[in-house]
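Undergrad: Just one file: coords-v7.cif, with mmCIF, C-alpha atoms.
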```
data_structure
loop_
_atom_site.label_atom_id
_atom_site.label_comp_id
_atom_site.auth_asym_id
_atom_site.auth_seq_id
_atom_site.Cartn_x
_atom_site.Cartn_y
_atom_site.Cartn_z
CA GLU A 26 -9.39 -28.07 -2.97
CA GLU A 27 -9.13 -29.28 0.63
CA SER A 28 -8.50 -25.73 1.85
CA ASN A 29 -11.78 -24.39 0.42
CA ILE A 30 -14.59 -23.48 2.80
CA ASP A 31 -17.93 -24.81 1.56
CA LEU A 32 -20.44 -22.22 2.77
CA ILE A 33 -23.44 -24.32 1.73
CA ALA A 34 -22.16 -27.22 3.83
CA LEU A 35 -21.58 -24.77 6.69
CA VAL A 36 -25.19 -23.56 6.48
CA ARG A 37 -26.40 -27.15 6.33
CA TRP A 38 -24.39 -28.01 9.44
CA ILE A 39 -25.64 -24.99 11.42
CA LEU A 40 -29.22 -24.53 10.15
CA GLY A 41 -30.10 -27.89 8.66
CA ASP A 42 -30.89 -29.40 5.25
CA LYS A 43 -34.10 -27.42 4.67
CA ILE A 44 -32.44 -24.01 4.89
CA ALA A 45 -29.43 -25.16 2.87
CA ALA A 46 -31.66 -26.56 0.12
CA SER A 47 -33.53 -23.24 -0.12
CA LEU A 48 -30.38 -21.35 -1.13
CA PRO A 49 -30.34 -20.37 -4.86
CA CYS A 50 -26.79 -21.69 -5.13
CA THR A 51 -25.28 -24.91 -6.40
CA GLU A 52 -21.80 -23.74 -5.33
CA LEU A 53 -20.66 -21.24 -2.72
CA LYS A 54 -17.07 -21.64 -1.57
CA VAL A 55 -14.39 -19.46 -0.02
CA THR A 56 -11.28 -20.21 -2.12
CA VAL A 57 -8.99 -17.46 -0.76
CA MET A 58 -8.91 -15.91 2.70
CA THR A 59 -5.92 -13.89 3.88
CA LEU A 60 -5.55 -11.86 7.07
CA LEU A 61 -2.32 -9.99 7.81
CA ILE A 62 -1.97 -8.07 11.10
CA ASP A 63 0.91 -5.87 12.26
CA PRO A 64 0.09 -4.74 15.85
CA ARG A 65 3.19 -2.57 16.13
CA ASN A 66 2.13 -0.37 13.22
CA SER A 67 -1.63 -0.79 13.71
CA THR A 68 -2.07 -2.08 10.17
CA PHE A 69 -3.99 -5.02 8.82
CA THR A 70 -5.15 -6.43 5.50
CA PHE A 71 -8.05 -8.76 4.84
CA GLU A 72 -8.77 -10.39 1.49
CA THR A 73 -11.21 -13.06 0.45
CA VAL A 74 -12.45 -14.63 -2.80
CA ILE A 75 -15.74 -16.51 -3.00
CA THR A 76 -16.60 -18.62 -6.03
CA ALA A 77 -20.29 -19.17 -6.57
CA HIS A 78 -23.00 -20.42 -8.86
CA CYS A 79 -26.07 -18.64 -7.51
CA SER A 80 -28.99 -17.98 -9.87
CA PHE A 81 -31.89 -15.58 -9.42
CA ASN A 82 -34.74 -15.58 -11.95
CA LEU A 83 -35.67 -11.93 -12.60
CA GLY A 84 -38.32 -12.77 -15.17
CA ILE A 85 -36.77 -11.49 -18.37
CA VAL A 86 -33.29 -12.69 -17.44
CA ILE A 87 -31.58 -15.02 -14.98
CA PHE A 88 -28.88 -13.36 -12.85
CA THR A 89 -26.11 -15.87 -12.10
CA LEU A 90 -23.38 -14.84 -9.65
CA THR A 91 -20.03 -16.59 -10.21
CA GLN A 92 -17.43 -14.80 -8.05
CA ILE A 93 -17.09 -12.18 -5.32
CA ASN A 94 -13.83 -10.49 -4.21
CA PHE A 95 -13.36 -8.43 -1.03
CA ASN A 96 -10.26 -6.50 -0.01
CA PHE A 97 -9.85 -4.26 3.04
CA ASN A 98 -6.72 -2.43 4.22
CA TYR A 99 -5.95 -0.22 7.20
CA VAL A 100 -2.53 1.46 6.97
CA ALA A 101 -1.26 4.57 8.81
CA GLY A 102 -4.75 5.44 10.01
CA GLU A 103 -6.19 5.31 6.48
CA ALA A 104 -8.77 2.74 5.43
CA THR A 105 -9.09 1.55 1.82
CA GLY A 106 -10.97 -1.30 0.29
CA SER A 107 -12.57 -2.76 -2.79
CA PHE A 108 -15.35 -5.06 -3.88
CA ALA A 109 -15.77 -6.86 -7.20
CA ALA A 110 -18.32 -9.29 -8.54
CA ALA A 111 -18.50 -11.37 -11.70
CA PHE A 112 -21.85 -12.54 -12.99
CA TRP A 113 -23.78 -13.72 -16.04
CA LEU A 114 -27.06 -12.56 -17.49
CA VAL A 115 -28.69 -15.66 -18.96
CA PRO A 116 -31.91 -15.76 -21.03
CA PRO A 117 -34.67 -17.60 -19.13
CA GLY A 118 -35.34 -21.15 -20.25
CA ALA A 119 -32.04 -21.40 -22.14
CA VAL A 120 -30.38 -24.08 -19.99
CA PRO A 121 -31.12 -25.09 -16.37
CA PRO A 122 -28.73 -23.30 -13.96
CA ASP A 123 -27.07 -26.55 -12.89
CA LYS A 124 -26.53 -27.77 -16.45
CA TRP A 125 -24.05 -25.19 -17.79
CA SER A 126 -20.64 -23.90 -16.80
CA ILE A 127 -18.65 -20.71 -17.26
CA ASP A 128 -16.49 -22.46 -19.87
CA ASP A 129 -19.58 -23.47 -21.88
CA PRO A 130 -22.30 -20.82 -21.41
CA PRO A 131 -25.71 -21.09 -23.09
CA PRO A 132 -26.52 -19.03 -26.24
CA GLY A 133 -27.30 -15.39 -25.50
CA ALA A 134 -25.52 -15.39 -22.11
CA VAL A 135 -23.55 -12.22 -21.29
CA ALA A 136 -20.56 -12.17 -18.91
CA MET A 137 -20.30 -8.96 -16.87
CA GLU A 138 -18.34 -7.43 -13.99
CA VAL A 139 -18.97 -4.68 -11.45
CA SER A 140 -16.58 -3.20 -8.92
CA ALA A 141 -16.34 -0.49 -6.29
CA ALA A 142 -13.24 0.76 -4.52
CA TYR A 143 -12.53 3.30 -1.79
CA ASN A 144 -9.03 4.76 -2.20
CA GLY A 145 -8.91 7.31 0.61
CA ALA A 146 -10.43 10.70 1.34
CA GLU A 147 -8.84 12.48 -1.64
CA ASP A 148 -9.57 9.87 -4.30
CA GLY A 149 -12.91 8.85 -2.81
CA TRP A 150 -14.99 6.04 -4.30
CA SER A 151 -14.62 4.71 -7.81
CA PHE A 152 -17.25 2.57 -9.51
CA ARG A 153 -16.99 0.52 -12.69
CA GLY A 154 -19.22 -1.85 -14.60
CA GLY A 155 -19.36 -3.51 -17.98
CA LEU A 156 -18.60 -6.58 -20.01
CA ALA A 157 -16.10 -9.04 -18.57
CA GLU A 158 -12.91 -9.96 -20.45
CA LYS A 159 -13.88 -11.77 -23.67
CA GLY A 160 -17.51 -11.01 -22.88
CA LYS A 161 -19.81 -10.03 -25.75
CA ILE A 162 -23.42 -9.25 -26.58
CA ASP A 163 -24.57 -11.15 -29.66
CA LEU A 164 -27.53 -9.12 -30.91
CA PRO A 165 -28.93 -11.67 -33.43
CA THR A 166 -28.93 -14.42 -30.78
CA ILE A 167 -30.63 -12.24 -28.17
CA VAL A 168 -33.22 -10.98 -30.65
CA GLY A 169 -33.90 -14.59 -31.66
CA ILE A 170 -34.58 -15.50 -28.03
CA TYR A 171 -36.76 -12.55 -27.00
CA LEU A 172 -38.55 -11.42 -30.20
CA PRO A 173 -40.76 -13.16 -32.78
CA PRO A 174 -39.12 -14.65 -35.92
CA SER A 175 -40.46 -11.81 -38.08
CA TYR A 176 -38.01 -9.40 -36.39
CA GLN A 177 -34.92 -11.54 -36.90
CA GLN A 178 -34.55 -10.92 -40.64
CA PHE A 179 -34.05 -7.18 -40.02
CA ILE A 180 -31.30 -7.57 -37.40
CA PRO A 181 -27.72 -7.25 -38.74
CA ASN A 182 -25.03 -9.62 -37.51
CA VAL A 183 -23.70 -7.20 -34.90
CA VAL A 184 -21.75 -8.21 -31.78
CA ILE A 185 -20.94 -5.73 -29.01
CA THR A 186 -17.39 -6.63 -27.99
CA GLN A 187 -16.68 -3.90 -25.44
CA LEU A 188 -18.93 -2.01 -23.03
CA GLU A 189 -17.68 -0.25 -19.92
CA ALA A 190 -18.48 2.80 -17.80
CA GLY A 191 -17.16 4.18 -14.54
CA PHE A 192 -16.83 7.28 -12.38
CA SER A 193 -15.06 8.55 -9.26
CA THR A 194 -16.35 10.68 -6.38
CA GLY A 195 -12.94 12.05 -5.36
CA VAL A 196 -11.24 15.35 -6.16
CA SER A 197 -10.79 14.43 -9.82
CA LYS A 198 -14.53 13.80 -10.41
CA ALA A 199 -13.35 11.52 -13.22
CA TYR A 200 -15.53 9.45 -15.48
CA HIS A 201 -15.00 7.21 -18.51
CA PHE A 202 -17.06 5.33 -21.05
CA SER A 203 -16.29 2.94 -23.89
CA ILE A 204 -18.28 0.87 -26.36
CA GLY A 205 -17.12 -1.28 -29.26
CA ALA A 206 -18.92 -3.43 -31.81
CA GLU A 207 -18.33 -5.52 -34.93
CA TRP A 208 -20.69 -6.06 -37.85
CA ARG A 209 -20.13 -9.11 -40.04
CA ILE A 210 -21.57 -9.02 -43.58
CA GLU A 211 -21.29 -12.62 -44.80
CA LEU A 212 -22.54 -11.81 -48.31
CA LEU A 213 -19.47 -9.66 -48.94
CA SER A 214 -17.15 -11.47 -46.51
CA VAL A 215 -16.59 -8.12 -44.81
CA THR A 216 -16.31 -7.15 -41.14
CA ILE A 217 -16.84 -3.55 -39.98
CA GLY A 218 -15.77 -2.60 -36.47
CA GLY A 219 -15.80 0.48 -34.29
CA LEU A 220 -14.71 1.56 -30.82
CA VAL A 221 -15.33 4.79 -28.90
CA LYS A 222 -13.54 5.75 -25.66
CA ILE A 223 -14.21 8.94 -23.70
CA SER A 224 -12.67 10.03 -20.40
CA SER A 225 -12.65 13.22 -18.34
CA LYS A 226 -11.15 14.44 -15.05
CA LEU A 227 -10.50 17.62 -13.09
CA GLU A 228 -6.93 18.91 -12.86
CA ASP A 229 -6.23 22.21 -11.06
CA ASP A 230 -9.97 23.03 -11.12
CA LYS A 231 -10.03 22.60 -14.89
CA ARG A 232 -11.68 19.68 -16.63
CA LYS A 233 -9.42 17.70 -18.97
CA ASP A 234 -11.13 15.66 -21.67
CA GLU A 235 -9.65 13.06 -23.97
CA GLY A 236 -10.99 10.41 -26.27
CA GLU A 237 -10.28 7.83 -28.90
CA ILE A 238 -12.32 6.65 -31.87
CA GLN A 239 -11.35 3.55 -33.84
CA GLY A 240 -12.80 1.98 -36.94
CA PHE A 241 -11.72 -0.85 -39.18
CA LEU A 242 -12.83 -2.54 -42.38
CA ARG A 243 -11.68 -6.13 -42.93
CA PHE A 244 -12.08 -7.85 -46.31
CA GLY A 245 -12.00 -11.64 -46.57
CA GLY A 246 -10.40 -13.94 -44.07
CA LYS A 247 -12.13 -15.90 -41.33
CA ASP A 248 -12.83 -14.42 -37.90
CA ASP A 249 -9.63 -12.47 -37.08
CA GLU A 250 -7.33 -14.39 -39.44
CA GLY A 251 -6.37 -13.59 -43.02
CA GLY A 252 -7.92 -10.95 -45.22
CA LEU A 253 -7.04 -7.30 -45.68
CA GLU A 254 -7.70 -4.81 -42.88
CA PHE A 255 -7.79 -1.04 -43.03
CA LYS A 256 -7.87 0.66 -39.62
CA VAL A 257 -8.33 4.29 -38.64
CA THR A 258 -7.77 5.70 -35.14
CA ALA A 259 -8.43 9.24 -33.95
CA LYS A 260 -7.03 10.39 -30.59
CA PHE A 261 -7.80 13.79 -29.16
CA ASN A 262 -7.56 15.87 -26.01
CA ASP A 263 -7.67 19.57 -25.13
CA GLU A 264 -4.28 20.26 -26.75
CA ASP A 265 -3.43 17.60 -29.36
CA LYS A 266 -5.11 15.72 -32.18
CA GLU A 267 -3.76 12.57 -33.79
CA TYR A 268 -5.07 10.47 -36.67
CA ILE A 269 -3.55 7.05 -37.39
CA PHE A 270 -4.18 5.06 -40.59
CA GLU A 271 -2.99 1.42 -40.77
CA PHE A 272 -2.98 -0.90 -43.77
CA LEU A 273 -0.82 -3.95 -44.56
CA GLY A 274 1.71 -3.05 -41.87
CA TRP A 275 2.05 0.54 -43.11
CA THR A 276 1.16 3.34 -40.71
CA ALA A 277 0.37 6.95 -41.57
CA THR A 278 0.10 9.36 -38.64
CA LEU A 279 -1.28 12.89 -38.89
CA LYS A 280 -0.53 14.78 -35.68
CA GLU A 281 -1.44 18.34 -34.76
CA THR A 282 -0.27 20.19 -31.65
CA SER A 283 -0.11 23.85 -30.72
CA GLU A 284 3.45 23.97 -32.13
CA LYS A 285 3.45 21.85 -35.30
CA LYS A 286 1.47 19.69 -37.70
CA THR A 287 3.10 16.60 -39.26
CA LEU A 288 2.24 13.61 -41.43
CA THR A 289 4.44 10.53 -40.98
CA PHE A 290 4.62 7.28 -42.97
CA GLU A 291 6.22 4.16 -41.46
CA ALA A 292 6.33 0.48 -42.44
CA GLY A 293 6.32 -1.11 -39.00
CA ASP A 294 8.46 -4.18 -38.34
CA LYS A 295 7.88 -5.94 -41.65
CA SER A 296 10.43 -6.61 -44.36
CA LEU A 297 9.76 -6.18 -48.07
CA GLY A 298 9.39 -9.95 -48.42
CA GLU A 299 6.93 -10.15 -45.50
CA MET A 300 4.85 -7.38 -47.05
CA ILE A 301 4.59 -9.37 -50.29
CA GLU A 302 3.61 -12.50 -48.31
CA VAL A 303 0.84 -10.56 -46.56
CA LEU A 304 -0.61 -9.50 -49.90
CA VAL A 305 -0.50 -13.03 -51.32
CA ASN A 306 -1.98 -14.68 -48.20
CA ALA A 307 -4.75 -12.08 -48.07
CA VAL A 308 -5.95 -13.35 -51.43
CA VAL A 309 -5.73 -17.00 -50.31
CA PRO A 310 -6.69 -17.04 -46.55
CA GLY A 311 -5.06 -19.83 -44.56
CA ALA A 312 -2.59 -20.75 -47.32
CA ASP A 313 0.41 -19.49 -45.30
CA ILE A 314 2.49 -18.99 -48.45
CA LYS A 315 6.20 -18.18 -47.92
CA LEU A 316 8.68 -16.75 -50.40
CA VAL A 317 11.21 -19.28 -51.67
CA ALA A 318 14.64 -18.74 -53.19
CA PRO A 319 15.65 -16.57 -54.94
CA TRP A 320 12.73 -14.33 -53.83
CA SER A 321 13.33 -15.08 -50.13
CA VAL A 322 16.22 -12.59 -50.25
CA LEU A 323 13.53 -9.89 -50.02
CA ASN A 324 12.98 -10.94 -46.39
CA SER A 325 16.37 -9.39 -45.57
CA VAL A 326 15.24 -5.91 -46.70
CA PRO A 327 13.79 -4.23 -43.58
CA LEU A 328 11.22 -1.54 -44.18
CA LYS A 329 11.02 -0.36 -40.57
CA SER A 330 14.29 1.54 -41.05
CA PHE A 331 12.59 3.97 -43.45
CA LYS A 332 10.43 6.91 -42.35
CA PHE A 333 8.87 9.66 -44.44
CA GLU A 334 7.62 12.85 -42.79
CA VAL A 335 5.95 16.04 -44.01
CA GLU A 336 5.61 19.13 -41.83
CA PHE A 337 2.81 21.59 -42.59
CA SER A 338 2.35 25.27 -41.85
CA GLN A 339 0.15 26.09 -38.88
CA GLU A 340 -1.38 29.07 -40.73
CA ASP A 341 -2.59 27.61 -44.03
CA SER A 342 -1.62 23.89 -43.76
CA SER A 343 0.72 24.20 -46.76
CA PRO A 344 3.80 21.88 -46.81
CA LYS A 345 6.92 23.35 -45.18
CA THR A 346 9.39 20.48 -45.31
CA ALA A 347 9.52 16.89 -46.50
CA SER A 348 12.09 14.47 -45.13
CA LEU A 349 13.11 10.84 -45.58
CA SER A 350 15.03 9.16 -42.79
CA TYR A 351 16.83 5.83 -42.78
CA SER A 352 18.28 4.05 -39.73
CA PRO A 353 20.94 1.56 -40.92
CA ASN A 354 22.84 1.45 -37.59
CA ILE A 355 26.18 0.94 -39.35
CA ASN A 356 29.37 0.86 -37.25
CA LEU A 357 32.47 2.00 -39.19
CA GLY A 358 34.81 1.91 -36.20
CA PHE A 359 35.61 5.62 -36.13
CA ALA A 360 31.94 6.46 -36.65
CA ARG A 361 28.53 4.92 -36.10
CA ILE A 362 25.72 5.96 -38.40
CA GLY A 363 22.42 5.60 -36.57
CA THR A 364 19.95 7.68 -38.58
CA LEU A 365 20.39 9.52 -41.88
CA VAL A 366 17.95 12.27 -42.90
CA LEU A 367 17.35 13.78 -46.33
CA GLU A 368 15.23 16.94 -45.93
CA TYR A 369 13.67 19.20 -48.57
CA ASN A 370 12.61 22.77 -47.66
CA VAL A 371 9.68 23.87 -49.84
CA LYS A 372 10.26 27.61 -49.38
CA THR A 373 14.01 27.67 -50.10
CA GLU A 374 13.92 24.65 -52.44
CA LYS A 375 17.07 23.40 -50.75
CA VAL A 376 17.90 19.80 -49.91
CA MET A 377 19.84 19.04 -46.74
CA PHE A 378 21.60 15.78 -45.85
CA LYS A 379 22.44 15.18 -42.20
CA ILE A 380 23.15 12.52 -39.59
CA THR A 381 20.74 13.02 -36.68
CA GLU A 382 21.77 10.05 -34.55
CA GLY A 383 25.06 8.19 -34.20
CA GLN A 384 28.66 8.75 -33.14
CA PHE A 385 31.77 10.34 -34.67
CA LEU A 386 35.24 9.99 -33.12
CA GLY A 387 33.71 9.20 -29.73
CA ASN A 388 31.29 12.15 -29.81
CA GLU A 389 27.60 11.29 -29.60
CA ILE A 390 25.23 12.71 -32.20
CA LYS A 391 21.74 13.03 -30.79
CA PRO A 392 18.40 14.25 -32.28
CA GLU A 393 17.60 17.86 -31.59
#
```
Could I get this structure in the form of structure tokens?
TA:
Amino acid sequence: EESNIDLIALVRWILGDKIAASLPCTELKVTVMTLLIDPRNSTFTFETVITAHCSFNLGIVIFTLTQINFNFNYVAGEATGSFAAAFWLVPPGAVPPDKWSIDDPPPGAVAMEVSAAYNGAEDGWSFRGGLAEKGKIDLPTIVGIYLPPSYQQFIPNVVITQLEAGFSTGVSKAYHFSIGAEWRIELLSVTIGGLVKISSKLEDDKRKDEGEIQGFLRFGGKDDEGGLEFKVTAKFNDEDKEYIFEFLGWTATLKETSEKKTLTFEAGDKSLGEMIEVLVNAVVPGADIKLVAPWSVLNSVPLKSFKFEVEFSQEDSSPKTASLSYSPNINLGFARIGTLVLEYNVKTEKVMFKITEGQFLGNEIKPE
């Protein structure tokens, strides 16, 4: 605390009380200042962090600045640097600027961040802006502040949990965008969520696009605890497509590339006993029920060792093979069985049993 530089006190000392009192800040301190100079190599680095509580009333919203970061580097004749600012958008008349803190913001306040960085001639400038970590936009609260009561009954309980956009001016001409939201329906004790991510960049004069779309449906529980959740994720780019379905620790993945199309089922890291506990606790949120003897023996049956996979034809999407793999990791001394595979070929109607990973008489067996 003693090493901080109080900029308001500095202004008061130089320009007097009147000028210092006119500043829209209740706090303005330099908390970090670092300067490293290497004359032999003509390099230097300067970094500073300023914490603030400066409020500007813009009419429909109060802009409150809370932190500013600067970083500047000069190495091997190349200059790079960055700037970042954290701020809040606060509804006017909510709480006086000097009566609230970052740890206890007023209703309807939104935490945001902006940044800009110069990474050299090739990469150019990159800009980013959006919600800060754990920041959110509570639509019902904001509507209740800005609009008449007659509008509030039509607004669903939707909270925007992620909002970010950015772009670069360098060779890649990259840009990205993401937005996520959750809708809570109290009548049904259901939460619906969604997230969309899009990014694009130039590689070898060709634009490469990729994206991700997520959605989930959560029944019961409270906030993020308890209940049953079904989640779907779609990932795509110019070459591959992948769809992931998750429910009760089970994961089904449908993946399509230029070479093959597969559907895989896995049980994650849960045991059979843990899976039963999840089902029981979903019915009674917060009960934290555990299996007792003799049923607790089911906790020793791992499900993550099992994997079921179906490969489909690229031409007509008909099944080609179906396989079940099990990874017991058994060491017999002369042999180590890592993964066993039982595969059925639809066309030949033949079943093949093989060890795809392990060791036999000192010779390693590796997946193809």
Undergrad: State, in Å with one decimal place, the distance from atom CA of A:Val100 to atom CA of A:Thr59.
TA: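 Value for the atom CA of A:Val100-atom CA of A:Thr59 distance: 16.0 Å.
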Undergrad: Which residues, written as a list in words, have at least one atom at most 12 Å from A:Pro64, with all atoms listed in the file counted and residues fewer than 3 positions away on the same chain left out?
TA: Leu61, Ser67, Thr68, Phe69, Thr70, Tyr99, Val100 and Ala101 of chain A
Undergrad: List the residues selected by the PyMOL selection byres ((chain A and resi 46-52) around 12) in the file shown, writing them as a VMD selection string.
TA: chain A and resid 29 to 34 36 to 38 40 to 45 53 to 56 75 to 82 87 to 92 121 to 126
Undergrad: When you count only C-alpha atoms, which of these residues is closest to A:Gly218: A:Ser175, A:Thr194, A:Ser151, A:Gln187?
TA: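 Between A:Ser175, A:Thr194, A:Ser151, A:Gln187, the residue approaching A:Gly218 most closely is A:Gln187.
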Undergrad: I'd like the residues picked by the PyMOL selection byres ((chain A and resi 161) around 10) written out as a list in words, using the chain letters and numbers from the file.
TA: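 Matching residues under the PyMOL selection byres ((chain A and resi 161) around 10) are Gly133, Ala134, Val135, Ala136, Met137, Leu156, Ala157, Glu158, Lys159, Gly160, Ile162, Asp163, Leu164, Val184, Ile185, Thr186, Gln187, Leu188, Gly205 and Ala206 of chain A.
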Undergrad: Run the PyMOL selection byres ((chain A and resi 255-271) around 6) against the file shown and list the residues it catches, as a PyMOL selection string.
TA: chain A and resi 234-242+254+272+275-282
Undergrad: Atoms to include: C-alpha atoms. Write the selected residues as an mmCIF file, in the frame of the given file.
TA:
```cif
data_model
loop_
_atom_site.group_PDB
_atom_site.id
_atom_site.type_symbol
_atom_site.label_atom_id
_atom_site.label_comp_id
_atom_site.auth_asym_id
_atom_site.auth_seq_id
_atom_site.Cartn_x
_atom_site.Cartn_y
_atom_site.Cartn_z
ATOM 1 C CA ASP A 234 -11.130 15.660 -21.670
ATOM 2 C CA GLU A 235 -9.650 13.060 -23.970
ATOM 3 C CA GLY A 236 -10.990 10.410 -26.270
ATOM 4 C CA GLU A 237 -10.280 7.830 -28.900
ATOM 5 C CA ILE A 238 -12.320 6.650 -31.870
ATOM 6 C CA GLN A 239 -11.350 3.550 -33.840
ATOM 7 C CA GLY A 240 -12.800 1.980 -36.940
ATOM 8 C CA PHE A 241 -11.720 -0.850 -39.180
ATOM 9 C CA LEU A 242 -12.830 -2.540 -42.380
ATOM 10 C CA GLU A 254 -7.700 -4.810 -42.880
ATOM 11 C CA PHE A 272 -2.980 -0.900 -43.770
ATOM 12 C CA TRP A 275 2.050 0.540 -43.110
ATOM 13 C CA THR A 276 1.160 3.340 -40.710
ATOM 14 C CA ALA A 277 0.370 6.950 -41.570
ATOM 15 C CA THR A 278 0.100 9.360 -38.640
ATOM 16 C CA LEU A 279 -1.280 12.890 -38.890
ATOM 17 C CA LYS A 280 -0.530 14.780 -35.680
ATOM 18 C CA GLU A 281 -1.440 18.340 -34.760
ATOM 19 C CA THR A 282 -0.270 20.190 -31.650
#
```
Undergrad: Mind pulling up the distance from atom CA of A:Pro131 to atom CA of A:Leu172?
TA: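 About the pair atom CA of A:Leu172 and atom CA of A:Pro131: they are 17.6 Å apart.
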Undergrad: Identify, on the basis of all atoms listed in the file, every residue whose closest approach to A:Lys198 does not exceed 10 Å; exclude the query and any residue fewer than 6 positions from it along the same chain; express the result as a PyMOL selection string.
TA: chain A and resi 148-151+192+225-228+232
Undergrad: Quick one: 6 Å padding each side, axis-aligned, all listed atoms of stretch 339-353 of chain A - centre and edge lengths in Å to one decimal, as lines of an AutoDock Vina configuration file?
TA:
```
center_x = 9.2
center_y = 15.3
center_z = -42.8
size_x = 35.5
size_y = 39.5
size_z = 19.9
```
Undergrad: Looking at A:Glu389, A:Asp294, A:Asp229, A:Glu147, which one is nearest to A:Gly195, with distances taken over all atoms listed in the file?
TA: A:Glu147
Undergrad: For atom CA of A:Glu374 and atom CA of A:Thr346, quote the distance in Å rounded to one decimal.
TA: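 If I compute the distance from atom CA of A:Glu374 to atom CA of A:Thr346, I get 9.4 Å.
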